>>> print(open('structure34.pdb').read())   # PDB, N, CA and C atoms
MODEL        1
ATOM      1  N   MET A 273     154.981  91.100-216.705
ATOM      2  CA  MET A 273     154.647  89.849-217.349
ATOM      3  C   MET A 273     154.632  90.042-218.854
ATOM      4  N   LYS A 274     154.735  88.927-219.558
ATOM      5  CA  LYS A 274     154.646  88.925-221.012
ATOM      6  C   LYS A 274     153.372  88.210-221.429
ATOM      7  N   TYR A 275     153.010  88.378-222.686
ATOM      8  CA  TYR A 275     151.848  87.660-223.205
ATOM      9  C   TYR A 275     151.995  87.423-224.703
ATOM     10  N   VAL A 276     151.282  86.422-225.177
ATOM     11  CA  VAL A 276     151.037  86.221-226.603
ATOM     12  C   VAL A 276     149.547  85.937-226.742
ATOM     13  N   ILE A 277     148.985  86.345-227.846
ATOM     14  CA  ILE A 277     147.610  86.005-228.165
ATOM     15  C   ILE A 277     147.632  85.207-229.453
ATOM     16  N   CYS A 278     147.080  84.008-229.383
ATOM     17  CA  CYS A 278     147.017  83.112-230.532
ATOM     18  C   CYS A 278     145.585  83.041-231.039
ATOM     19  N   GLU A 279     145.447  82.560-232.234
ATOM     20  CA  GLU A 279     144.120  82.236-232.757
ATOM     21  C   GLU A 279     143.896  80.758-232.462
ATOM     22  N   ASP A 280     142.838  80.448-231.670
ATOM     23  CA  ASP A 280     142.600  79.056-231.312
ATOM     24  C   ASP A 280     141.972  78.295-232.480
ATOM     25  N   PHE A 281     141.674  77.036-232.263
ATOM     26  CA  PHE A 281     141.178  76.176-233.337
ATOM     27  C   PHE A 281     139.819  76.601-233.878
ATOM     28  N   SER A 282     139.087  77.404-233.095
ATOM     29  CA  SER A 282     137.788  77.904-233.566
ATOM     30  C   SER A 282     137.889  79.318-234.134
ATOM     31  N   GLY A 283     139.117  79.842-234.241
ATOM     32  CA  GLY A 283     139.317  81.170-234.798
ATOM     33  C   GLY A 283     139.200  82.306-233.805
ATOM     34  N   GLN A 284     139.084  81.967-232.512
ATOM     35  CA  GLN A 284     138.951  82.981-231.470
ATOM     36  C   GLN A 284     140.315  83.289-230.850
ATOM     37  N   PRO A 285     140.510  84.518-230.351
ATOM     38  CA  PRO A 285     141.779  84.844-229.700
ATOM     39  C   PRO A 285     141.924  84.108-228.363
ATOM     40  N   ALA A 286     143.112  83.581-228.123
ATOM     41  CA  ALA A 286     143.410  82.858-226.891
ATOM     42  C   ALA A 286     144.676  83.457-226.276
ATOM     43  N   PRO A 287     144.529  84.221-225.189
ATOM     44  CA  PRO A 287     145.707  84.851-224.572
ATOM     45  C   PRO A 287     146.458  83.903-223.637
ATOM     46  N   PHE A 288     147.767  84.050-223.612
ATOM     47  CA  PHE A 288     148.641  83.307-222.708
ATOM     48  C   PHE A 288     149.558  84.307-222.029
ATOM     49  N   LEU A 289     149.537  84.343-220.702
ATOM     50  CA  LEU A 289     150.393  85.213-219.916
ATOM     51  C   LEU A 289     151.475  84.377-219.264
ATOM     52  N   PHE A 290     152.694  84.940-219.166
ATOM     53  CA  PHE A 290     153.808  84.186-218.619
ATOM     54  C   PHE A 290     154.870  85.143-218.073
ATOM     55  N   PRO A 291     155.799  84.621-217.267
ATOM     56  CA  PRO A 291     156.804  85.473-216.622
ATOM     57  C   PRO A 291     157.766  86.122-217.617
ATOM     58  N   ASP A 292     158.314  87.257-217.217
ATOM     59  CA  ASP A 292     159.268  87.994-218.051
ATOM     60  C   ASP A 292     160.503  87.169-218.412
ATOM     61  N   LYS A 293     160.907  86.242-217.546
ATOM     62  CA  LYS A 293     162.134  85.478-217.813
ATOM     63  C   LYS A 293     161.985  84.469-218.947
ATOM     64  N   VAL A 294     160.752  84.203-219.392
ATOM     65  CA  VAL A 294     160.507  83.293-220.521
ATOM     66  C   VAL A 294     160.442  84.118-221.805
ATOM     67  N   ALA A 295     161.186  83.711-222.811
ATOM     68  CA  ALA A 295     161.183  84.426-224.093
ATOM     69  C   ALA A 295     159.860  84.201-224.822
ATOM     70  N   HIS A 296     159.414  85.244-225.524
ATOM     71  CA  HIS A 296     158.182  85.116-226.322
ATOM     72  C   HIS A 296     158.289  83.928-227.281
ATOM     73  N   SER A 297     159.440  83.793-227.925
ATOM     74  CA  SER A 297     159.600  82.714-228.912
ATOM     75  C   SER A 297     159.569  81.338-228.254
ATOM     76  N   ASP A 298     160.106  81.222-227.045
ATOM     77  CA  ASP A 298     160.056  79.936-226.341
ATOM     78  C   ASP A 298     158.621  79.570-225.978
ATOM     79  N   MET A 299     157.849  80.555-225.523
ATOM     80  CA  MET A 299     156.454  80.289-225.205
ATOM     81  C   MET A 299     155.696  79.924-226.473
ATOM     82  N   ARG A 300     155.944  80.644-227.551
ATOM     83  CA  ARG A 300     155.261  80.377-228.819
ATOM     84  C   ARG A 300     155.502  78.931-229.257
ATOM     85  N   ASP A 301     156.726  78.454-229.070
ATOM     86  CA  ASP A 301     157.069  77.083-229.464
ATOM     87  C   ASP A 301     156.306  76.031-228.661
ATOM     88  N   GLN A 302     155.820  76.387-227.485
ATOM     89  CA  GLN A 302     155.104  75.441-226.623
ATOM     90  C   GLN A 302     153.604  75.395-226.882
ATOM     91  N   LEU A 303     153.094  76.339-227.651
ATOM     92  CA  LEU A 303     151.651  76.453-227.847
ATOM     93  C   LEU A 303     151.177  75.622-229.034
ATOM     94  N   PRO A 304     149.985  75.047-228.931
ATOM     95  CA  PRO A 304     149.487  74.164-229.992
ATOM     96  C   PRO A 304     148.892  74.900-231.192
ATOM     97  N   TYR A 305     148.771  76.210-231.106
ATOM     98  CA  TYR A 305     148.093  76.955-232.167
ATOM     99  C   TYR A 305     149.074  77.440-233.226
ATOM    100  N   ALA A 306     148.656  77.429-234.470
ATOM    101  CA  ALA A 306     149.532  77.786-235.587
ATOM    102  C   ALA A 306     149.731  79.290-235.719
ATOM    103  N   SER A 307     148.700  80.059-235.403
ATOM    104  CA  SER A 307     148.748  81.493-235.669
ATOM    105  C   SER A 307     148.864  82.305-234.383
ATOM    106  N   VAL A 308     149.924  83.113-234.285
ATOM    107  CA  VAL A 308     150.073  84.045-233.172
ATOM    108  C   VAL A 308     149.701  85.428-233.698
ATOM    109  N   ILE A 309     148.760  86.069-233.026
ATOM    110  CA  ILE A 309     148.215  87.347-233.477
ATOM    111  C   ILE A 309     149.042  88.528-232.975
ATOM    112  N   SER A 310     149.452  88.469-231.707
ATOM    113  CA  SER A 310     150.196  89.581-231.116
ATOM    114  C   SER A 310     151.028  89.088-229.948
ATOM    115  N   ALA A 311     151.974  89.929-229.525
ATOM    116  CA  ALA A 311     152.844  89.610-228.398
ATOM    117  C   ALA A 311     153.293  90.917-227.769
ATOM    118  N   GLY A 312     153.542  90.865-226.470
ATOM    119  CA  GLY A 312     154.005  92.070-225.797
ATOM    120  C   GLY A 312     154.135  91.860-224.304
ATOM    121  N   TYR A 313     154.052  92.977-223.593
ATOM    122  CA  TYR A 313     154.160  93.004-222.142
ATOM    123  C   TYR A 313     152.842  93.498-221.570
ATOM    124  N   ILE A 314     152.483  92.987-220.392
ATOM    125  CA  ILE A 314     151.227  93.372-219.771
ATOM    126  C   ILE A 314     151.469  93.709-218.307
ATOM    127  N   LYS A 315     150.775  94.735-217.858
ATOM    128  CA  LYS A 315     150.783  95.061-216.437
ATOM    129  C   LYS A 315     149.388  95.544-216.065
ATOM    130  N   ILE A 316     149.131  95.565-214.779
ATOM    131  CA  ILE A 316     147.851  96.069-214.282
ATOM    132  C   ILE A 316     148.110  97.420-213.639
ATOM    133  N   HIS A 317     147.359  98.415-214.056
ATOM    134  CA  HIS A 317     147.475  99.768-213.506
ATOM    135  C   HIS A 317     146.077 100.269-213.177
ATOM    136  N   GLU A 318     145.870 100.574-211.908
ATOM    137  CA  GLU A 318     144.569 101.060-211.438
ATOM    138  C   GLU A 318     143.428 100.129-211.860
ATOM    139  N   GLY A 319     143.687  98.824-211.746
ATOM    140  CA  GLY A 319     142.663  97.830-212.031
ATOM    141  C   GLY A 319     142.418  97.526-213.491
ATOM    142  N   ARG A 320     143.249  98.072-214.375
ATOM    143  CA  ARG A 320     143.074  97.833-215.809
ATOM    144  C   ARG A 320     144.342  97.219-216.384
ATOM    145  N   PHE A 321     144.155  96.344-217.380
ATOM    146  CA  PHE A 321     145.303  95.781-218.085
ATOM    147  C   PHE A 321     145.861  96.822-219.052
ATOM    148  N   LEU A 322     147.180  96.912-219.091
ATOM    149  CA  LEU A 322     147.868  97.768-220.053
ATOM    150  C   LEU A 322     148.861  96.913-220.825
ATOM    151  N   CYS A 323     148.748  96.920-222.141
ATOM    152  CA  CYS A 323     149.624  96.126-223.008
ATOM    153  C   CYS A 323     150.537  97.059-223.789
ATOM    154  N   SER A 324     151.793  96.641-223.958
ATOM    155  CA  SER A 324     152.758  97.467-224.683
ATOM    156  C   SER A 324     153.859  96.585-225.258
ATOM    157  N   GLY A 325     154.721  97.205-226.042
ATOM    158  CA  GLY A 325     155.898  96.527-226.567
ATOM    159  C   GLY A 325     155.579  95.495-227.621
ATOM    160  N   GLY A 326     156.441  94.505-227.697
ATOM    161  CA  GLY A 326     156.290  93.449-228.681
ATOM    162  C   GLY A 326     157.494  92.536-228.643
ATOM    163  N   ASP A 327     157.670  91.776-229.702
ATOM    164  CA  ASP A 327     158.810  90.879-229.816
ATOM    165  C   ASP A 327     159.333  90.925-231.246
ATOM    166  N   ALA A 328     160.568  91.386-231.393
ATOM    167  CA  ALA A 328     161.165  91.523-232.719
ATOM    168  C   ALA A 328     161.359  90.173-233.398
ATOM    169  N   GLY A 329     161.701  89.134-232.627
ATOM    170  CA  GLY A 329     161.919  87.810-233.197
ATOM    171  C   GLY A 329     160.667  87.218-233.822
ATOM    172  N   LEU A 330     159.518  87.493-233.202
ATOM    173  CA  LEU A 330     158.249  87.026-233.764
ATOM    174  C   LEU A 330     157.663  88.036-234.741
ATOM    175  N   ASN A 331     158.280  89.201-234.815
ATOM    176  CA  ASN A 331     157.800  90.294-235.667
ATOM    177  C   ASN A 331     156.344  90.654-235.328
ATOM    178  N   LEU A 332     156.068  90.705-234.009
ATOM    179  CA  LEU A 332     154.730  91.023-233.521
ATOM    180  C   LEU A 332     154.818  92.093-232.450
ATOM    181  N   SER A 333     153.745  92.836-232.292
ATOM    182  CA  SER A 333     153.689  93.843-231.245
ATOM    183  C   SER A 333     152.319  93.829-230.584
ATOM    184  N   ALA A 334     152.228  94.574-229.492
ATOM    185  CA  ALA A 334     150.956  94.723-228.793
ATOM    186  C   ALA A 334     150.002  95.509-229.682
ATOM    187  N   ARG A 335     148.732  95.145-229.622
ATOM    188  CA  ARG A 335     147.695  95.850-230.373
ATOM    189  C   ARG A 335     146.795  96.589-229.398
ATOM    190  N   PRO A 336     146.126  97.635-229.844
ATOM    191  CA  PRO A 336     145.231  98.375-228.947
ATOM    192  C   PRO A 336     144.147  97.500-228.311
ATOM    193  N   GLU A 337     143.672  96.491-229.003
ATOM    194  CA  GLU A 337     142.595  95.654-228.491
ATOM    195  C   GLU A 337     143.064  94.503-227.594
ATOM    196  N   ASP A 338     144.364  94.325-227.411
ATOM    197  CA  ASP A 338     144.869  93.204-226.619
ATOM    198  C   ASP A 338     144.398  93.246-225.163
ATOM    199  N   ALA A 339     144.448  94.405-224.541
ATOM    200  CA  ALA A 339     144.039  94.509-223.133
ATOM    201  C   ALA A 339     142.580  94.104-222.969
ATOM    202  N   GLU A 340     141.729  94.531-223.881
ATOM    203  CA  GLU A 340     140.314  94.165-223.822
ATOM    204  C   GLU A 340     140.126  92.659-224.028
ATOM    205  N   CYS A 341     140.884  92.088-224.936
ATOM    206  CA  CYS A 341     140.813  90.644-225.200
ATOM    207  C   CYS A 341     141.202  89.851-223.955
ATOM    208  N   ILE A 342     142.277  90.258-223.288
ATOM    209  CA  ILE A 342     142.740  89.562-222.094
ATOM    210  C   ILE A 342     141.738  89.732-220.956
ATOM    211  N   ALA A 343     141.217  90.945-220.778
ATOM    212  CA  ALA A 343     140.215  91.185-219.735
ATOM    213  C   ALA A 343     138.968  90.340-219.983
ATOM    214  N   ALA A 344     138.528  90.251-221.233
ATOM    215  CA  ALA A 344     137.343  89.451-221.571
ATOM    216  C   ALA A 344     137.591  87.979-221.273
ATOM    217  N   PHE A 345     138.805  87.499-221.529
ATOM    218  CA  PHE A 345     139.136  86.105-221.239
ATOM    219  C   PHE A 345     139.007  85.830-219.738
ATOM    220  N   PHE A 346     139.582  86.700-218.904
ATOM    221  CA  PHE A 346     139.513  86.501-217.464
ATOM    222  C   PHE A 346     138.072  86.623-216.969
ATOM    223  N   HIS A 347     137.324  87.523-217.538
ATOM    224  CA  HIS A 347     135.921  87.681-217.151
ATOM    225  C   HIS A 347     135.134  86.410-217.483
ATOM    226  N   SER A 348     135.391  85.815-218.642
ATOM    227  CA  SER A 348     134.663  84.607-219.048
ATOM    228  C   SER A 348     135.026  83.410-218.177
ATOM    229  N   GLN A 349     136.222  83.406-217.597
ATOM    230  CA  GLN A 349     136.647  82.296-216.746
ATOM    231  C   GLN A 349     135.999  82.358-215.373
ATOM    232  N   GLY A 350     135.469  83.520-215.009
ATOM    233  CA  GLY A 350     134.863  83.689-213.703
ATOM    234  C   GLY A 350     133.420  83.252-213.639
ATOM    235  N   ARG A 351     132.847  82.851-214.752
ATOM    236  CA  ARG A 351     131.441  82.439-214.767
ATOM    237  C   ARG A 351     131.216  81.118-214.119
TER     238      ARG A 351
ENDMDL
END
>>> encode(input="structure34.pdb", output="structure tokens")
Amino acid sequence: MKYVICEDFSGQPAPFLFPDKVAHSDMRDQLPYASVISAGYIKIHEGRFLCSGGDAGLNLSARPEDAECIAAFFHSQGR
């Protein structure tokens, strides 16, 4: 899967996960947020998110904190 993390209207990171067949730039064009913080690929390994890669067209890459940000988002949705 691919992902982008945007800065939402309150300044918080908002992750979006989507299929590999969708281009990062196409997904970015569909999002309402002005600022994209990072982009890359995500997989789950042994129950943990692993983020890697990036997108040259957006000039963005995965950051070390992306996996934690995505995990925190899913955890907050389970409340």
>>> resolve_selection(input="structure34.pdb", expression="the PyMOL selection byres ((chain A and resi 303-316) around 7)", output="list in words")
Met273, Lys274, Tyr275, Val276, Ile277, Cys278, Glu279, Asp280, Phe281, Asp298, Met299, Arg300, Asp301, Gln302, His317, Glu318, Gly319, Arg320, Phe321, Leu322, Cys323, Ser324, Gly325, Gly326, Asp327, Leu332, Ser333, Ala334 and Arg335 of chain A
>>> select_by_dssp(input="structure34.pdb", residues="chain A", states="strand (DSSP E)", output="PyMOL selection string")
chain A and resi 274-279+285-290+307-317+320-324+326-327+332-333
>>> atom_distance(input="structure34.pdb", atom1="atom N of Phe345 in chain A", atom2="atom C of Pro285 in chain A")
8.2 Å
>>> atom_distance(input="structure34.pdb", atom1="atom N of His347 in chain A", atom2="CA of Ser297 in chain A")
25.5 Å
>>> atom_distance(input="structure34.pdb", atom1="CA of Cys341 in chain A", atom2="atom C of Pro287 in chain A")
8.9 Å
>>> select_by_dssp(input="structure34.pdb", residues="chain A", states="helix (DSSP H, G or I)", output="list in words")
His296, Ser297, Asp298, Met299, Arg300, Asp301, Gln302, Asp338, Ala339, Glu340, Cys341, Ile342, Ala343, Ala344, Phe345, Phe346, His347, Ser348 and Gln349 of chain A
>>> write_last_selection(input="structure34.pdb", atoms="N, CA and C atoms", output="PDB file, in the coordinates of the input")
ATOM      1  N   HIS A 296     159.414  85.244-225.524  1.00  0.00           N
ATOM      2  CA  HIS A 296     158.182  85.116-226.322  1.00  0.00           C
ATOM      3  C   HIS A 296     158.289  83.928-227.281  1.00  0.00           C
ATOM      4  N   SER A 297     159.440  83.793-227.925  1.00  0.00           N
ATOM      5  CA  SER A 297     159.600  82.714-228.912  1.00  0.00           C
ATOM      6  C   SER A 297     159.569  81.338-228.254  1.00  0.00           C
ATOM      7  N   ASP A 298     160.106  81.222-227.045  1.00  0.00           N
ATOM      8  CA  ASP A 298     160.056  79.936-226.341  1.00  0.00           C
ATOM      9  C   ASP A 298     158.621  79.570-225.978  1.00  0.00           C
ATOM     10  N   MET A 299     157.849  80.555-225.523  1.00  0.00           N
ATOM     11  CA  MET A 299     156.454  80.289-225.205  1.00  0.00           C
ATOM     12  C   MET A 299     155.696  79.924-226.473  1.00  0.00           C
ATOM     13  N   ARG A 300     155.944  80.644-227.551  1.00  0.00           N
ATOM     14  CA  ARG A 300     155.261  80.377-228.819  1.00  0.00           C
ATOM     15  C   ARG A 300     155.502  78.931-229.257  1.00  0.00           C
ATOM     16  N   ASP A 301     156.726  78.454-229.070  1.00  0.00           N
ATOM     17  CA  ASP A 301     157.069  77.083-229.464  1.00  0.00           C
ATOM     18  C   ASP A 301     156.306  76.031-228.661  1.00  0.00           C
ATOM     19  N   GLN A 302     155.820  76.387-227.485  1.00  0.00           N
ATOM     20  CA  GLN A 302     155.104  75.441-226.623  1.00  0.00           C
ATOM     21  C   GLN A 302     153.604  75.395-226.882  1.00  0.00           C
ATOM     22  N   ASP A 338     144.364  94.325-227.411  1.00  0.00           N
ATOM     23  CA  ASP A 338     144.869  93.204-226.619  1.00  0.00           C
ATOM     24  C   ASP A 338     144.398  93.246-225.163  1.00  0.00           C
ATOM     25  N   ALA A 339     144.448  94.405-224.541  1.00  0.00           N
ATOM     26  CA  ALA A 339     144.039  94.509-223.133  1.00  0.00           C
ATOM     27  C   ALA A 339     142.580  94.104-222.969  1.00  0.00           C
ATOM     28  N   GLU A 340     141.729  94.531-223.881  1.00  0.00           N
ATOM     29  CA  GLU A 340     140.314  94.165-223.822  1.00  0.00           C
ATOM     30  C   GLU A 340     140.126  92.659-224.028  1.00  0.00           C
ATOM     31  N   CYS A 341     140.884  92.088-224.936  1.00  0.00           N
ATOM     32  CA  CYS A 341     140.813  90.644-225.200  1.00  0.00           C
ATOM     33  C   CYS A 341     141.202  89.851-223.955  1.00  0.00           C
ATOM     34  N   ILE A 342     142.277  90.258-223.288  1.00  0.00           N
ATOM     35  CA  ILE A 342     142.740  89.562-222.094  1.00  0.00           C
ATOM     36  C   ILE A 342     141.738  89.732-220.956  1.00  0.00           C
ATOM     37  N   ALA A 343     141.217  90.945-220.778  1.00  0.00           N
ATOM     38  CA  ALA A 343     140.215  91.185-219.735  1.00  0.00           C
ATOM     39  C   ALA A 343     138.968  90.340-219.983  1.00  0.00           C
ATOM     40  N   ALA A 344     138.528  90.251-221.233  1.00  0.00           N
ATOM     41  CA  ALA A 344     137.343  89.451-221.571  1.00  0.00           C
ATOM     42  C   ALA A 344     137.591  87.979-221.273  1.00  0.00           C
ATOM     43  N   PHE A 345     138.805  87.499-221.529  1.00  0.00           N
ATOM     44  CA  PHE A 345     139.136  86.105-221.239  1.00  0.00           C
ATOM     45  C   PHE A 345     139.007  85.830-219.738  1.00  0.00           C
ATOM     46  N   PHE A 346     139.582  86.700-218.904  1.00  0.00           N
ATOM     47  CA  PHE A 346     139.513  86.501-217.464  1.00  0.00           C
ATOM     48  C   PHE A 346     138.072  86.623-216.969  1.00  0.00           C
ATOM     49  N   HIS A 347     137.324  87.523-217.538  1.00  0.00           N
ATOM     50  CA  HIS A 347     135.921  87.681-217.151  1.00  0.00           C
ATOM     51  C   HIS A 347     135.134  86.410-217.483  1.00  0.00           C
ATOM     52  N   SER A 348     135.391  85.815-218.642  1.00  0.00           N
ATOM     53  CA  SER A 348     134.663  84.607-219.048  1.00  0.00           C
ATOM     54  C   SER A 348     135.026  83.410-218.177  1.00  0.00           C
ATOM     55  N   GLN A 349     136.222  83.406-217.597  1.00  0.00           N
ATOM     56  CA  GLN A 349     136.647  82.296-216.746  1.00  0.00           C
ATOM     57  C   GLN A 349     135.999  82.358-215.373  1.00  0.00           C
TER      58      GLN A 349
END
>>> closest_residue(input="structure34.pdb", among="A:Gln349, A:Ile342, A:Leu330, A:Pro336", to="Phe288 in chain A", atoms="all atoms listed in the file")
A:Ile342
>>> axis_aligned_box(input="structure34.pdb", around="range 319-324 of chain A", padding_each_side="5 Å", output="AutoDock Vina command-line options")
--center_x 148.1 --center_y 97.3 --center_z -218.5 --size_x 21.4 --size_y 13.0 --size_z 23.5
